[in-house]
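Colleague: The file below is query_28.cif, mmCIF, C-alpha atoms:
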data_entry
#
loop_
_atom_site.label_atom_id
_atom_site.label_comp_id
_atom_site.auth_asym_id
_atom_site.auth_seq_id
_atom_site.Cartn_x
_atom_site.Cartn_y
_atom_site.Cartn_z
CA MET W 8 7.96 -26.79 -0.27
CA ALA W 9 4.28 -26.94 0.59
CA ARG W 10 2.14 -24.11 -0.79
CA ASP W 11 1.06 -23.01 2.70
CA GLU W 12 4.64 -22.90 3.95
CA GLN W 13 5.78 -20.90 0.92
CA LEU W 14 2.93 -18.43 1.40
CA LYS W 15 3.82 -18.06 5.09
CA GLU W 16 7.50 -17.44 4.29
CA ARG W 17 6.71 -14.94 1.56
CA TRP W 18 4.15 -13.17 3.76
CA GLU W 19 6.73 -12.82 6.54
CA LEU W 20 9.20 -11.39 4.00
CA VAL W 21 6.62 -8.80 2.85
CA VAL W 22 5.79 -7.83 6.44
CA GLU W 23 9.47 -7.58 7.40
CA LYS W 24 10.48 -5.48 4.39
CA LEU W 25 7.52 -3.10 4.64
CA SER W 26 7.84 -2.80 8.42
CA ASN W 27 11.49 -1.86 8.11
CA GLN W 28 10.80 0.58 5.29
CA PHE W 29 7.68 2.30 6.66
CA ALA W 30 7.33 1.58 10.38
CA ASP W 31 10.86 1.78 11.80
CA GLY W 32 10.76 -1.97 12.30
CA ASP W 33 7.44 -2.03 14.18
CA ARG W 34 5.44 -4.91 12.73
CA LEU W 35 2.77 -3.77 10.26
CA ASP W 36 -0.55 -5.58 10.30
CA LEU W 37 -2.65 -6.69 7.32
CA ASP W 38 -4.75 -3.51 7.26
CA SER W 39 -1.65 -1.31 7.29
CA ILE W 40 -0.19 -3.19 4.35
CA ILE W 41 -3.47 -2.91 2.44
CA TYR W 42 -3.41 0.85 3.11
CA LEU W 43 0.19 1.13 1.80
CA ILE W 44 -0.79 -0.70 -1.40
CA GLY W 45 -3.66 1.75 -1.85
CA VAL W 46 -1.33 4.73 -1.48
CA GLN W 47 1.08 3.13 -3.95
CA GLU W 48 -1.68 2.48 -6.48
CA LEU W 49 -3.08 6.00 -6.15
CA GLY W 50 0.40 7.39 -6.67
CA GLN W 51 -0.15 10.42 -4.42
CA ILE W 52 2.41 9.39 -1.84
CA HIS W 53 3.30 12.72 -0.20
CA ARG W 54 -0.19 13.63 0.89
CA GLU W 55 -2.16 13.38 4.12
CA TYR W 56 -5.45 11.53 3.97
CA LYS W 57 -8.64 11.94 5.98
CA LYS W 58 -10.33 8.91 7.48
CA ASP W 59 -12.81 8.43 4.62
CA HIS W 60 -9.98 8.65 2.08
CA LYS W 61 -8.05 6.02 4.05
CA LEU W 62 -10.98 3.64 3.60
CA ASP W 63 -11.07 4.50 -0.11
CA LEU W 64 -7.34 3.73 -0.34
CA MET W 65 -7.89 0.36 1.27
CA HIS W 66 -10.69 -0.31 -1.22
CA ILE W 67 -8.35 0.53 -4.12
CA ALA W 68 -5.79 -1.91 -2.76
CA ILE W 69 -8.31 -4.70 -2.26
CA CYS W 70 -9.63 -4.24 -5.79
CA LYS W 71 -6.10 -4.19 -7.21
CA VAL W 72 -4.83 -7.31 -5.44
CA LEU W 73 -8.03 -9.28 -6.13
CA THR W 74 -8.20 -8.33 -9.83
CA PRO W 75 -6.11 -11.38 -10.89
CA TYR W 76 -8.63 -13.58 -9.06
CA GLY W 77 -11.45 -12.35 -11.29
CA PHE W 78 -13.36 -10.38 -8.66
CA TYR W 79 -12.61 -6.89 -10.01
CA GLU W 80 -11.55 -5.22 -13.23
CA PHE W 81 -9.91 -1.83 -13.60
CA ASP W 82 -12.43 0.62 -15.07
CA TYR W 83 -11.02 4.17 -15.20
CA VAL W 84 -9.16 6.92 -13.36
CA ASP W 85 -11.30 9.91 -12.36
CA GLU W 86 -10.37 13.59 -12.73
CA GLU W 87 -8.72 13.59 -9.28
CA GLY W 88 -6.51 10.63 -10.19
CA TRP W 89 -8.41 7.96 -8.23
CA PRO W 90 -8.69 4.55 -9.91
CA HIS W 91 -12.10 2.90 -10.11
CA TYR W 92 -12.88 -0.78 -10.52
CA LYS W 93 -15.88 -2.77 -11.72
CA VAL W 94 -17.12 -5.72 -9.70
CA LEU W 95 -16.99 -8.82 -11.90
CA ALA W 96 -17.90 -11.43 -9.29
CA GLN W 97 -19.06 -11.33 -5.72
CA LEU W 98 -16.50 -12.39 -3.17
CA PRO W 99 -17.35 -15.77 -1.69
CA HIS W 100 -18.53 -15.94 1.90
CA LEU W 101 -15.39 -16.85 3.80
CA LYS W 102 -14.62 -17.33 7.45
CA ALA W 103 -12.31 -14.69 8.93
CA GLY W 104 -9.28 -16.98 8.73
CA GLU W 105 -10.00 -17.92 5.12
CA GLN W 106 -10.46 -14.26 4.20
CA SER W 107 -7.12 -13.42 5.80
CA VAL W 108 -5.36 -16.21 3.86
CA LEU W 109 -6.91 -15.02 0.57
CA MET W 110 -5.78 -11.45 1.19
CA LYS W 111 -2.28 -12.49 2.24
CA GLU W 112 -1.94 -14.67 -0.87
CA ALA W 113 -3.19 -11.84 -3.09
CA ILE W 114 -0.82 -9.35 -1.43
CA VAL W 115 2.15 -11.70 -1.77
CA ASN W 116 1.31 -12.14 -5.46
CA TYR W 117 1.06 -8.35 -5.86
CA PHE W 118 4.55 -7.89 -4.41
CA LEU W 119 5.92 -10.75 -6.51
CA GLU W 120 4.45 -9.12 -9.61
CA THR W 121 5.91 -5.72 -8.71
CA GLU W 122 9.24 -7.47 -7.92
CA TYR W 123 9.32 -6.08 -4.38
CA ILE W 124 10.00 -9.67 -3.32
CA ASN W 125 11.05 -12.71 -5.32
#
Would you mind writing the structure in this file as structure tokens?

Modeller:
Amino acid sequence: MARDEQLKERWELVVEKLSNQFADGDRLDLDSIIYLIGVQELGQIHREYKKDHKLDLMHIAICKVLTPYGFYEFDYVDEEGWPHYKVLAQLPHLKAGEQSVLMKEAIVNYFLETEYIN
């Protein structure tokens, strides 16, 4: 199977599973999935977040999923339990479509690693 086709199939599986689990079957978008990963990584699941914390959660998720690509490295967890990452390399300038593909690939790999999908 071509790499692009496999990524597309796996992405659809991630979206379907998460949508059924967290959105009563309504289709989650990329940003929503990034947010869910951030909540998972923070580990404070049963909590309400303000808008600025939601952005911080998305940042945590982006750092986490792009760590295997060499862009970030886990640094420490602060006194409130929030993980912090060091920037190792600047993200390349990508077109919107290329950025979306990179994030989808990184997210699929995250869920493969956590065995949410196989």

Colleague: Identify, on the basis of only C-alpha atoms, every residue whose closest approach to stretch 53-67 of chain W does not exceed 6 Å; exclude the query and any residue fewer than 2 positions from it along the same chain; express the result as JSON, numbers by chain.

Modeller: {"W": [41, 42, 45, 51, 69, 70]}

Colleague: Mind listing as a PyMOL selection string all residues within 12 Å of (12.2, -8.8, 2.1), counting all atoms listed in the file?

Modeller: chain W and resi 16-28+115+118-119+122-125

Colleague: Applying 9 Å and all atoms listed in the file, which residues near W:Pro90 remain after dropping the ones on its own chain fewer than 6 positions away? List them as a count of residues only.

Modeller: 7

Colleague: If I put a ball of radius 12 Å at (-5.1, -14.0, -0.6) in the file's coordinates, which residues poke into it when counting all atoms listed in the file, written as JSON, numbers by chain?

Modeller: {"W": [11, 14, 15, 18, 37, 41, 69, 70, 71, 72, 73, 74, 75, 76, 98, 101, 103, 104, 105, 106, 107, 108, 109, 110, 111, 112, 113, 114, 115, 116, 117]}

Colleague: Under the PyMOL selection byres ((chain W and resi 94) around 8), which residues of this model are included? Write them out as a list in words.

Modeller: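 When the PyMOL selection byres ((chain W and resi 94) around 8) is applied, the selected residues are Phe78, Tyr79, Glu80, Tyr92, Lys93, Leu95, Ala96 and Gln97 of chain W.
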
Colleague: Do you have the atom CA of W:Asp31-atom CA of W:Leu43 distance handy?

Modeller: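 Going from atom CA of W:Asp31 over to atom CA of W:Leu43 covers 14.6 Å.
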
Colleague: Between atom CA of W:Ile40 and atom CA of W:Glu86, what distance in Å does the model show, to one decimal?

Modeller: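 Atom CA of W:Glu86 lies at a distance of 26.0 Å from atom CA of W:Ile40.
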